[in-house]
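Asker: Input: one structure, supplied below.
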Amino acid sequence: MAMRPAVFLDKDGTLVPDLPYNVDVERVVLAAGAGRALRSLAAAGYALVVVSNQSGVARGLFPAAALGAVARRLETLVAAEGAWLDGCYWCPHLPGGAVARYAVACLCRKPQPGLILRAAAEIGLSLRDSWMIGDILDDVEAGRRAGCRTVLLDNGHETEWRRSPLREPHAVVPSLVQAARVVLGGAPRSAVAELCRA
C-alpha cells in the first residue's frame, strides 16, 4: 500500500495566531485563510498533521493533559472548514524547565525531527513527498532533518535568523494560503482552484 504525503503544520503563528502558552480553547481560532488552505491541501490528498513544541508543560504553566482539549478544538475547527486533521503531536520538553519530568533534552523538540518521524511511522506517511510549514527556522530545520520540503511563513515571528543549510526553506511566503499554493504547485488544477480565487 502506498504511503500518503503529508503537510506538517506548526501550531502557534502558523495554524493559529500566536498566543504564547495558551491552552484556553475558547481563544484557539484558525489563522486567516487557514480553512481555505487546509481544504485545498486535503482535497489534493495530503494528510494534515500538527507538530508543535509546547514548552509550557515543562515550564509548569499548564499540565500535559490540557493539550488533549487543544487537539480536539483544532480538529473541530478544521472539520468545520471541510478538512480534517490526521494527528496532533506535541513536544512538552524543555531543558532546564521547572517540571523535572519534562526538563530534559529530547529528540522531539523542534528543530529535532522526532515529532515528524513519529507521526510518519504511526500514520504511514511518505516523508520524501511531504512538506513542513512553520513560522520559524526551527520548523524548517525539523522538516529538512526529517526529509521533507519546507515552507517558512515570514510573518515576523523569526527573530534570530540563524542560517545553515538545514535552515534554508524551499520557499518563503507571508501566509498559510500562499504556503498551500507552493505545496500544490504541481497539483491538478481542481485542487488549487479555490486558493487561486483568494
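Labeling convention for the C-alpha cells: chains A, B, ... as they appear, residues from 1 per chain, ligands from 1 in order of appearance.
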Show me, as a PDB file with C-alpha atoms, in the first residue's frame, the residues that have an atom within 10 Å of region 152-163 of chain A when counting only C-alpha atoms, minus same-chain residues fewer than 2 positions from it.
Answerer:
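So the final result, stored in around-v8.pdb, reads:
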ATOM      1  CA  ASP A  12       1.296  28.787  17.054  1.00  0.00           C
ATOM      2  CA  GLY A  13       1.917  31.508  14.498  1.00  0.00           C
ATOM      3  CA  THR A  14       1.152  29.159  11.602  1.00  0.00           C
ATOM      4  CA  ASP A  18       0.440  33.135  18.272  1.00  0.00           C
ATOM      5  CA  MET A 132       6.697  21.141   6.737  1.00  0.00           C
ATOM      6  CA  ILE A 133       5.179  24.617   7.121  1.00  0.00           C
ATOM      7  CA  GLY A 134       6.158  26.839  10.026  1.00  0.00           C
ATOM      8  CA  ASP A 135       6.887  30.384  11.080  1.00  0.00           C
ATOM      9  CA  ILE A 136      10.444  29.990  12.400  1.00  0.00           C
ATOM     10  CA  LEU A 137      13.615  28.363  11.132  1.00  0.00           C
ATOM     11  CA  ASP A 138      13.454  25.656  13.810  1.00  0.00           C
ATOM     12  CA  ASP A 139      10.399  24.375  11.899  1.00  0.00           C
ATOM     13  CA  VAL A 140      12.369  24.431   8.661  1.00  0.00           C
ATOM     14  CA  GLU A 141      15.271  22.542  10.226  1.00  0.00           C
ATOM     15  CA  THR A 150       9.784  23.164   3.744  1.00  0.00           C
ATOM     16  CA  PRO A 165      21.965  24.569   5.022  1.00  0.00           C
ATOM     17  CA  LEU A 166      19.417  22.743   7.221  1.00  0.00           C
ATOM     18  CA  ARG A 167      17.668  26.033   7.955  1.00  0.00           C
ATOM     19  CA  GLU A 168      17.185  27.154   4.350  1.00  0.00           C
ATOM     20  CA  PRO A 169      13.498  26.824   3.408  1.00  0.00           C
ATOM     21  CA  HIS A 170      12.476  25.676  -0.027  1.00  0.00           C
ATOM     22  CA  ALA A 171      10.083  28.632  -0.170  1.00  0.00           C
ATOM     23  CA  VAL A 172       9.334  31.752   1.869  1.00  0.00           C
ATOM     24  CA  VAL A 173       5.833  33.252   1.830  1.00  0.00           C
ATOM     25  CA  PRO A 174       3.822  35.561   4.094  1.00  0.00           C
ATOM     26  CA  SER A 175       0.722  33.413   4.707  1.00  0.00           C
ATOM     27  CA  LEU A 176      -0.623  29.892   5.011  1.00  0.00           C
ATOM     28  CA  GLN A 178       0.388  31.163  -0.118  1.00  0.00           C
ATOM     29  CA  ALA A 179       2.222  28.248   1.502  1.00  0.00           C
TER      30      ALA A 179
END
Asker: Excluding Ala80 (chain A) and residues on its chain fewer than 2 positions from it, collect all residues at most 12 Å away from it, counting only C-alpha atoms, and give them as a PyMOL selection string.
Answerer: chain A and resi 29-30+34-36+38-39+73-78+82-85
Asker: Limited to N, CA and C atoms, could you put the picked residues into a file as a JSON list (two decimals), in the first residue's frame?
Answerer:
[["chain", "number", "residue", "atom", "x", "y", "z"],
["A", 29, "VAL", "N", -8.29, 29.86, 17.67],
["A", 29, "VAL", "CA", -9.01, 30.08, 16.41],
["A", 29, "VAL", "C", -8.02, 29.89, 15.26],
["A", 30, "LEU", "N", -8.52, 29.56, 14.11],
["A", 30, "LEU", "CA", -7.65, 29.38, 12.96],
["A", 30, "LEU", "C", -7.14, 30.72, 12.44],
["A", 34, "ALA", "N", -6.70, 29.99, 6.84],
["A", 34, "ALA", "CA", -6.25, 28.62, 7.12],
["A", 34, "ALA", "C", -7.27, 27.59, 6.64],
["A", 35, "GLY", "N", -8.54, 27.86, 6.85],
["A", 35, "GLY", "CA", -9.55, 26.88, 6.42],
["A", 35, "GLY", "C", -9.48, 26.61, 4.93],
["A", 36, "ARG", "N", -9.37, 27.65, 4.14],
["A", 36, "ARG", "CA", -9.28, 27.52, 2.68],
["A", 36, "ARG", "C", -8.03, 26.74, 2.29],
["A", 38, "LEU", "N", -6.24, 24.59, 4.14],
["A", 38, "LEU", "CA", -6.31, 23.19, 4.57],
["A", 38, "LEU", "C", -7.27, 22.39, 3.72],
["A", 39, "ARG", "N", -8.38, 22.99, 3.35],
["A", 39, "ARG", "CA", -9.35, 22.32, 2.50],
["A", 39, "ARG", "C", -8.73, 21.93, 1.16],
["A", 73, "ARG", "N", -10.09, 20.79, 19.97],
["A", 73, "ARG", "CA", -10.56, 22.08, 19.46],
["A", 73, "ARG", "C", -10.07, 22.29, 18.03],
["A", 74, "LEU", "N", -8.80, 22.01, 17.77],
["A", 74, "LEU", "CA", -8.26, 22.16, 16.42],
["A", 74, "LEU", "C", -8.97, 21.24, 15.44],
["A", 75, "GLU", "N", -9.22, 20.01, 15.85],
["A", 75, "GLU", "CA", -9.93, 19.06, 14.98],
["A", 75, "GLU", "C", -11.32, 19.60, 14.63],
["A", 76, "THR", "N", -12.01, 20.17, 15.62],
["A", 76, "THR", "CA", -13.35, 20.71, 15.39],
["A", 76, "THR", "C", -13.31, 21.91, 14.43],
["A", 77, "LEU", "N", -12.34, 22.80, 14.66],
["A", 77, "LEU", "CA", -12.23, 23.98, 13.81],
["A", 77, "LEU", "C", -11.92, 23.59, 12.36],
["A", 78, "VAL", "N", -11.01, 22.66, 12.19],
["A", 78, "VAL", "CA", -10.62, 22.24, 10.84],
["A", 78, "VAL", "C", -11.78, 21.50, 10.15],
["A", 82, "GLY", "N", -14.28, 21.97, 6.43],
["A", 82, "GLY", "CA", -14.36, 20.97, 5.37],
["A", 82, "GLY", "C", -13.09, 20.18, 5.15],
["A", 83, "ALA", "N", -12.20, 20.18, 6.15],
["A", 83, "ALA", "CA", -10.96, 19.38, 6.07],
["A", 83, "ALA", "C", -10.87, 18.55, 7.35],
["A", 84, "TRP", "N", -9.74, 17.91, 7.58],
["A", 84, "TRP", "CA", -9.60, 17.09, 8.79],
["A", 84, "TRP", "C", -8.13, 16.99, 9.14],
["A", 85, "LEU", "N", -7.89, 16.87, 10.44],
["A", 85, "LEU", "CA", -6.53, 16.66, 10.92],
["A", 85, "LEU", "C", -6.30, 15.17, 11.11]]
Asker: In terms of the shortest atom-to-atom distance over only C-alpha atoms, which of A:Ala32, A:Ala58, A:Val151, A:Ala120 is closest to Arg4 (chain A)?
Answerer: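 Comparing A:Ala32, A:Ala58, A:Val151, A:Ala120 against Arg4 (chain A), the winner is A:Ala120.
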Asker: Which residues are near region 106-114 of chain A? Cut-off 9 Å, only C-alpha atoms, ignore same chain within fewer than 6 positions. Put them as an mmCIF file with N, CA and C atoms, in the first residue's frame.
Answerer:
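See selection.cif below for the written result:
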data_model
loop_
_atom_site.group_PDB
_atom_site.id
_atom_site.type_symbol
_atom_site.label_atom_id
_atom_site.label_comp_id
_atom_site.auth_asym_id
_atom_site.auth_seq_id
_atom_site.Cartn_x
_atom_site.Cartn_y
_atom_site.Cartn_z
ATOM 1 N N VAL A 51 2.444 19.556 14.340
ATOM 2 C CA VAL A 51 3.633 19.193 15.125
ATOM 3 C C VAL A 51 4.099 20.462 15.835
ATOM 4 N N SER A 52 4.052 20.445 17.175
ATOM 5 C CA SER A 52 4.229 21.700 17.903
ATOM 6 C C SER A 52 5.019 21.520 19.194
ATOM 7 N N ASN A 53 6.004 22.406 19.408
ATOM 8 C CA ASN A 53 6.661 22.490 20.701
ATOM 9 C C ASN A 53 5.700 23.141 21.686
ATOM 10 N N GLN A 54 5.543 22.537 22.844
ATOM 11 C CA GLN A 54 4.668 23.077 23.884
ATOM 12 C C GLN A 54 5.420 23.091 25.215
ATOM 13 N N SER A 55 6.411 23.977 25.287
ATOM 14 C CA SER A 55 7.272 24.024 26.472
ATOM 15 C C SER A 55 6.555 24.555 27.701
ATOM 16 N N TRP A 90 2.744 16.691 20.066
ATOM 17 C CA TRP A 90 3.286 17.760 20.912
ATOM 18 C C TRP A 90 4.612 17.347 21.523
ATOM 19 N N CYS A 91 5.519 18.302 21.655
ATOM 20 C CA CYS A 91 6.720 18.112 22.467
ATOM 21 C C CYS A 91 6.554 18.950 23.732
ATOM 22 N N PRO A 92 6.479 18.315 24.920
ATOM 23 C CA PRO A 92 6.300 19.046 26.167
ATOM 24 C C PRO A 92 7.607 19.405 26.860
ATOM 25 N N HIS A 93 8.732 19.093 26.232
ATOM 26 C CA HIS A 93 10.032 19.172 26.907
ATOM 27 C C HIS A 93 10.702 20.542 26.780
ATOM 28 N N LEU A 94 11.579 20.813 27.722
ATOM 29 C CA LEU A 94 12.449 21.989 27.662
ATOM 30 C C LEU A 94 13.590 21.783 28.649
ATOM 31 N N PRO A 95 14.830 21.649 28.164
ATOM 32 C CA PRO A 95 15.949 21.531 29.098
ATOM 33 C C PRO A 95 15.956 22.711 30.068
ATOM 34 N N LEU A 137 12.657 29.248 11.793
ATOM 35 C CA LEU A 137 13.615 28.363 11.132
ATOM 36 C C LEU A 137 13.804 27.043 11.863
ATOM 37 N N ASP A 138 13.438 26.958 13.140
ATOM 38 C CA ASP A 138 13.454 25.656 13.810
ATOM 39 C C ASP A 138 12.474 24.697 13.131
ATOM 40 N N ASP A 139 11.349 25.209 12.642
ATOM 41 C CA ASP A 139 10.399 24.375 11.899
ATOM 42 C C ASP A 139 11.021 23.883 10.603
ATOM 43 N N VAL A 140 11.704 24.785 9.918
ATOM 44 C CA VAL A 140 12.369 24.431 8.661
ATOM 45 C C VAL A 140 13.415 23.345 8.910
ATOM 46 N N GLU A 141 14.229 23.528 9.941
ATOM 47 C CA GLU A 141 15.271 22.542 10.226
ATOM 48 C C GLU A 141 14.674 21.180 10.571
ATOM 49 N N ALA A 142 13.620 21.165 11.367
ATOM 50 C CA ALA A 142 12.975 19.894 11.701
ATOM 51 C C ALA A 142 12.471 19.200 10.443
ATOM 52 N N GLY A 143 11.850 19.965 9.560
ATOM 53 C CA GLY A 143 11.362 19.383 8.317
ATOM 54 C C GLY A 143 12.468 18.831 7.452
ATOM 55 N N ARG A 144 13.534 19.587 7.307
ATOM 56 C CA ARG A 144 14.656 19.120 6.487
ATOM 57 C C ARG A 144 15.313 17.883 7.104
ATOM 58 N N ARG A 145 15.471 17.873 8.420
ATOM 59 C CA ARG A 145 16.068 16.699 9.079
ATOM 60 C C ARG A 145 15.226 15.445 8.865
ATOM 61 N N ALA A 146 13.922 15.642 8.730
ATOM 62 C CA ALA A 146 13.030 14.507 8.512
ATOM 63 C C ALA A 146 12.939 14.106 7.048
#
Asker: Mind giving me the straight-line distance from CA of Val49 (chain A) to CA of Ile123 (chain A) in Å, one decimal?
Answerer: 9.6 Å
Asker: Enumerate as a PyMOL selection string all residues of chain A assigned to strand (DSSP E or B) by DSSP on the backbone, naming them with the chain letters and numbers the document uses.
Answerer: chain A and resi 4+6-9+12+16+47-53+87-91+125+131-134+149-153+171-173
Asker: Give the helix (DSSP H, G or I) residues of region 113-163 of chain A, as DSSP finds them on the backbone, and put them as a list in words.
Answerer: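 Selecting the helix (DSSP H, G or I) positions of region 113-163 of chain A gives Gly114, Leu115, Ile116, Leu117, Arg118, Ala119, Ala120, Ala121, Glu122, Ile123, Leu127, Arg128, Asp129, Leu137, Asp138, Asp139, Val140, Glu141, Ala142, Gly143, Arg144, Arg145 and Ala146 of chain A.
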